[in-house]
Structures are given as structure tokens and as C-alpha cells.
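See below for the structure under consideration.
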Amino acid sequence: MIVKALSHKSTSVSAIRKLVQYVSNPEKMQDNYYGRKPLMVKQYLQSYDTEKWVQSFKSNDDNRTFNHTKRTVLRHEIISFSSQSNPLISRETLQVFAKYYLKNRMTKPTMGIGVVHYDSSPHIHFVIAGVALDSTATRVSRQQFKSFKIQLQNFQQEHYPELSHSIVEHTKPKTLELKLTYQEERMKDNGKVSYKEKLSCKVMQLAKGCVSLSELETKLKEQSLHPYHRRGLLTGVWLGNRKFRLATLGVGKEHLKKMTLEQKRLDTISQNKQIKNRGLER
């Protein structure tokens, strides 16, 4: 399954309420495909009153032992399944995944909720507190989060092998991945495509067949896209008056590294030829 993670920094009640209301929207919880009943799972929270959830998340964050400007108040995380797996996933199966995720995602007891949005590709939205019940931060490293995703994948393969279409190889490095903001994720959930995502699709398609930065730049210009440079190397693309780095648009670091190394090799060959020609002219 695909796992996405977003962080929310605002401590305001209105911001917390906005996220909780979005996740628990009754319309998104309706199953128009197979008639499964709405599903909410909670951990260390009283009742199913969403307003009480908002107040609990707020009170919990107010009790944190260490405050700083970049603290994470809430984690909004999503696991999604392939549309091909949809007919094979019962409400009970989704409930098992939701409970497993909340129980194992953090290393400390932490309050959280899981809500299923039934779609052509069903997915579970999680809102997890940035502070554990002992008032300490729940932050985990990228490597720890990656290990958890592998653990979740292994759990799926062991207990639900029929969901093979939803298998994602988390042990392999991602080469092309678009980074979307929270607002852009919301647009995507509502079936809208942002200009950034359209640009990303075009750039990633062009980049896949390129071995050097100059080759990519030529193809960008052929598509009437305007590249920009840093220290003489292609760095990103203009979209109106905004600049987007290639990595931000989804061109993976390893792929960029290979194109950069090839570009430097080609530049060295070109420079050597110029030096040799100057020597011959003398």
C-alpha cells in the first residue's frame, strides 16, 4: 500500500478542527461502490464526538514538555490501496489495518484516529497527536518511519496475500516522487489537478529518458518550458513567476545525481577539446 505523511504545525483550535472535520466528513465516508458502512477507529480518545477530539488534541499539545516553533502538532497520514484490491477489502479488513496502524505507528502511547474514505482506491486517513500521553514528542526518524512502512507491508503480505495489487516495494529507493503541499493534496483528493502536478508529470516524463542535464534542458525548451540554473547547472523550471526545483517536481535524487555526473563528464570532454583546438591553432 502507499503511505503518505503530512505534518501540521498550527496550534490553533480552528486549524485542528479543520483537519478533523475534513477527515471525518460524512460524504467521504460513504461507500458508493460496495455499500460498506462508515468506519472510524480511535485510540486514547473518549466518545465519537469530533468536537471532543479537537479539544483533546489541543489540550494534549498544550501539555507538551518542550515547545519550539517547528514542533508538529498533528500528523496527517494516509494509507491507500489499489483500485484492483477494492472488491477484496471488507470493512473488517480496513478496521484491522486502522487499528494496527494506530497501535504500531508510534513508539509511545499516543492518541489518534483513523477514518476510511471509500473511493475507487480506498484509503484510511489518520490524525495522530504530535505529543505522546506522557507529554513528550512523538517524532521518529525517516529511517524509523521507513522501517515501520516495511513492517506494515509485511503484515499485509502475511495476513492478506490476496491484496497483491496493493504491494509497494518500500525497500527500494524512490527515483521519481512528486512532493505536494497539504493544499495540493486536498485538491487531488477532490479530483482536481494543480498546475504544479501537471508540470511535474511533463518534467518527469521528459527526465526519464535523459542521461544528462543538457539533454533534459533541450527537451524542456522544446516543450516551451523555461529552465533556470544554479552554478551553471540546470536546477529547475519556471512556472509563471515561481521557480520549482527538479527534485520538488519529482525527479529523484539518484536520477539527478546520475545526470549531473554525466553532464560534468561531457563538460570536461568539451573543455579538453577546446584546449586542444587552441593548441593546434597556435
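Identifiers in the C-alpha cells: chain A, B, ... in order shown; residue index from 1 per chain; ligand index from 1 in order shown.
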**Report entry** All helix (DSSP H, G or I) positions in region 25-146 of chain A, as an NGL selection string
**Finding:** :A and (50-62 or 83-88 or 91-104 or 142-146)
Would you give me, as CSV, each residue of region 77-107 of chain A having an atom within 8 Å of an atom of region 128-147 of chain A, along with its shortest atom pair and that distance in Å to one decimal, using only C-alpha atoms and sorting by chain and residue number?
```
residue,atom,partner,partner_atom,distance
A:Glu77,CA,A:Ile128,CA,7.9
A:Met106,CA,A:Thr138,CA,6.7
A:Thr107,CA,A:Thr138,CA,7.5
```
Go ahead and dump the residues you just picked, N, CA and C atoms, as a compact mmCIF listing (two decimals), in the first residue's frame.
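As a result, again.txt now contains:
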```
# COMPACT_ATOMS: atom_id res chain seq x y z
N GLU A 77 -1.67 11.29 8.22
CA GLU A 77 -1.06 10.23 7.44
C GLU A 77 -2.14 9.41 6.75
N MET A 106 3.55 4.70 16.42
CA MET A 106 4.40 5.42 17.35
C MET A 106 5.03 4.47 18.36
N THR A 107 6.16 4.88 18.90
CA THR A 107 6.85 4.05 19.88
C THR A 107 6.34 4.29 21.30
```
Query raised in the report: Quick one: residues within 12 Å of Lys264 (chain A), only C-alpha atoms counted, chain neighbours fewer than 4 positions away excluded, as a PyMOL selection string?
Result: chain A and resi 211-214+232-234+257-260+268-271
Could you take the residues named above and write them with N, CA and C atoms, as a short mmCIF file (atom, residue, chain, number, x, y, z; two decimals), in the first residue's frame?
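Writing done, so here's result35.cif:
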```
data_model
loop_
_atom_site.label_atom_id
_atom_site.label_comp_id
_atom_site.auth_asym_id
_atom_site.auth_seq_id
_atom_site.Cartn_x
_atom_site.Cartn_y
_atom_site.Cartn_z
N VAL A 211 19.90 11.30 -20.02
CA VAL A 211 21.09 10.85 -19.28
C VAL A 211 21.95 12.02 -18.82
N SER A 212 21.65 13.22 -19.28
CA SER A 212 22.41 14.39 -18.85
C SER A 212 21.48 15.58 -18.69
N LEU A 213 21.96 16.60 -17.97
CA LEU A 213 21.15 17.78 -17.73
C LEU A 213 20.93 18.59 -19.01
N SER A 214 21.94 18.62 -19.87
CA SER A 214 21.79 19.37 -21.12
C SER A 214 20.74 18.74 -22.02
N GLY A 232 25.73 27.27 -12.89
CA GLY A 232 25.95 26.79 -14.24
C GLY A 232 25.26 25.48 -14.58
N LEU A 233 24.53 24.88 -13.62
CA LEU A 233 23.86 23.61 -13.88
C LEU A 233 22.35 23.78 -13.83
N LEU A 234 21.65 23.04 -14.68
CA LEU A 234 20.19 23.05 -14.69
C LEU A 234 19.68 22.65 -13.31
N LYS A 257 21.52 12.91 -9.66
CA LYS A 257 22.95 12.71 -9.45
C LYS A 257 23.61 12.10 -10.68
N LYS A 258 22.95 11.12 -11.28
CA LYS A 258 23.50 10.47 -12.48
C LYS A 258 23.57 11.46 -13.64
N MET A 259 22.50 12.26 -13.83
CA MET A 259 22.50 13.24 -14.92
C MET A 259 23.56 14.31 -14.69
N THR A 260 23.76 14.72 -13.42
CA THR A 260 24.76 15.74 -13.10
C THR A 260 26.17 15.22 -13.38
N THR A 268 33.66 18.31 -19.27
CA THR A 268 35.12 18.12 -19.22
C THR A 268 35.65 17.76 -20.60
N ILE A 269 34.94 16.87 -21.30
CA ILE A 269 35.35 16.49 -22.67
C ILE A 269 35.34 17.71 -23.58
N SER A 270 34.27 18.53 -23.46
CA SER A 270 34.15 19.73 -24.29
C SER A 270 35.28 20.71 -24.01
N GLN A 271 35.63 20.89 -22.74
CA GLN A 271 36.70 21.81 -22.37
C GLN A 271 38.05 21.33 -22.89
#
```
Requested in this report: Would you mind listing what lies within 9 Å of Gln46 (chain A) as a VMD selection string, with only C-alpha atoms counted and same-chain residues fewer than 5 positions away left out?
Outcome: chain A and resid 52 to 53 56
Please write the residues from the selection above to a file, keeping all heavy atoms, as a PDB file, in the first residue's frame.
```pdb
ATOM      1  N   LYS A  52     -15.049  16.885  20.626  1.00  0.00           N
ATOM      2  CA  LYS A  52     -14.282  16.472  21.795  1.00  0.00           C
ATOM      3  C   LYS A  52     -12.884  16.016  21.375  1.00  0.00           C
ATOM      4  O   LYS A  52     -11.917  16.189  22.124  1.00  0.00           O
ATOM      5  CB  LYS A  52     -15.019  15.359  22.536  1.00  0.00           C
ATOM      6  CG  LYS A  52     -16.264  15.832  23.278  1.00  0.00           C
ATOM      7  CD  LYS A  52     -16.902  14.710  24.067  1.00  0.00           C
ATOM      8  CE  LYS A  52     -18.131  15.214  24.828  1.00  0.00           C
ATOM      9  NZ  LYS A  52     -18.795  14.127  25.617  1.00  0.00           N
ATOM     10  N   TRP A  53     -12.774  15.425  20.192  1.00  0.00           N
ATOM     11  CA  TRP A  53     -11.458  15.064  19.676  1.00  0.00           C
ATOM     12  C   TRP A  53     -10.592  16.313  19.501  1.00  0.00           C
ATOM     13  O   TRP A  53      -9.420  16.317  19.872  1.00  0.00           O
ATOM     14  CB  TRP A  53     -11.594  14.352  18.336  1.00  0.00           C
ATOM     15  CG  TRP A  53     -12.218  12.993  18.403  1.00  0.00           C
ATOM     16  CD1 TRP A  53     -12.534  12.286  19.532  1.00  0.00           C
ATOM     17  CD2 TRP A  53     -12.595  12.180  17.297  1.00  0.00           C
ATOM     18  NE1 TRP A  53     -13.091  11.084  19.193  1.00  0.00           N
ATOM     19  CE2 TRP A  53     -13.142  10.977  17.836  1.00  0.00           C
ATOM     20  CE3 TRP A  53     -12.540  12.322  15.924  1.00  0.00           C
ATOM     21  CZ2 TRP A  53     -13.611   9.947  17.028  1.00  0.00           C
ATOM     22  CZ3 TRP A  53     -13.006  11.299  15.110  1.00  0.00           C
ATOM     23  CH2 TRP A  53     -13.539  10.122  15.657  1.00  0.00           C
ATOM     24  N   SER A  56      -9.420  17.529  22.792  1.00  0.00           N
ATOM     25  CA  SER A  56      -8.428  16.602  23.362  1.00  0.00           C
ATOM     26  C   SER A  56      -7.066  16.783  22.708  1.00  0.00           C
ATOM     27  O   SER A  56      -6.031  16.790  23.393  1.00  0.00           O
ATOM     28  CB  SER A  56      -8.900  15.154  23.185  1.00  0.00           C
ATOM     29  OG  SER A  56     -10.067  14.901  23.930  1.00  0.00           O
TER      30      SER A  56
END
```
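With only C-alpha atoms as the basis for measurement, A:Gln95 is the residue among A:Ser83, A:Gln95, A:Ser12, A:Thr69 that approaches Val41 (chain A) most closely.
Excluding Ser120 (chain A) itself and any same-chain residue fewer than 6 positions from it, the protein and nucleic acid residues within 10 Å of it, counting only C-alpha atoms, are Asp31, Asn32, Tyr33, Phe81, Ser82, Ser83, Gln84, Ser85, Asn86 and Pro87 of chain A.
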Query raised in the report: Residues of region 211-240 of chain A in strand (DSSP E) according to DSSP, as a list in words?
Result: His226, Pro227, Tyr228, His229, Arg230, Leu233, Leu234, Thr235, Gly236, Val237, Trp238 and Leu239 of chain A
Report task. Considering only C-alpha atoms, return as a list in words whatever protein or nucleic-acid residues lie within 10 Å of Glu27 (chain A), sequence-local ones (same chain, fewer than 6 positions apart) excluded. Result -> Pro38, His117 and Tyr118 of chain A
Report task. Between CA of Gly112 (chain A) and CA of His159 (chain A), measure the distance and give it in Å to one decimal. Result -> 23.7 Å
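Using only C-alpha atoms, the smallest distance between any of A:Ser194, A:Asp61, A:Ile79, A:Gly240 and Leu152 (chain A) comes from A:Ile79.
Distance-wise, CA of Tyr48 (chain A) and CA of Arg91 (chain A) end up 18.1 Å apart.
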Taking 5 positions as the minimum chain separation for residues in the same chain, which residues sit within 9 Å of Ile89 (chain A) when counting only C-alpha atoms? Answer as a short mmCIF file (atom, residue, chain, number, x, y, z; two decimals) with all heavy atoms, in the first residue's frame.
```cif
data_model
loop_
_atom_site.label_atom_id
_atom_site.label_comp_id
_atom_site.auth_asym_id
_atom_site.auth_seq_id
_atom_site.Cartn_x
_atom_site.Cartn_y
_atom_site.Cartn_z
N LEU A 94 -10.35 -3.38 6.70
CA LEU A 94 -9.93 -1.99 6.88
C LEU A 94 -9.82 -1.64 8.36
O LEU A 94 -8.91 -0.90 8.76
CB LEU A 94 -10.93 -1.05 6.19
CG LEU A 94 -10.95 -1.13 4.66
CD1 LEU A 94 -12.18 -0.41 4.10
CD2 LEU A 94 -9.67 -0.52 4.08
N PRO A 122 -9.68 2.80 -2.11
CA PRO A 122 -9.99 3.12 -0.71
C PRO A 122 -8.74 3.49 0.07
O PRO A 122 -7.66 2.94 -0.16
CB PRO A 122 -10.60 1.81 -0.19
CG PRO A 122 -10.11 0.75 -1.11
CD PRO A 122 -9.96 1.39 -2.44
N LEU A 163 -4.34 -9.20 -1.39
CA LEU A 163 -4.24 -7.79 -1.76
C LEU A 163 -2.91 -7.51 -2.47
O LEU A 163 -2.25 -6.51 -2.21
CB LEU A 163 -4.38 -6.91 -0.51
CG LEU A 163 -5.65 -7.12 0.32
CD1 LEU A 163 -5.67 -6.16 1.51
CD2 LEU A 163 -6.89 -6.93 -0.55
#
```
Report summary line: Closest of A:Thr93, A:Gln153, A:Gln223, A:Ser164 to Val3 (chain A), counting only C-alpha atoms, is A:Gln153
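Going from CA of Leu6 (chain A) to CA of Val168 (chain A) covers 19.2 Å.
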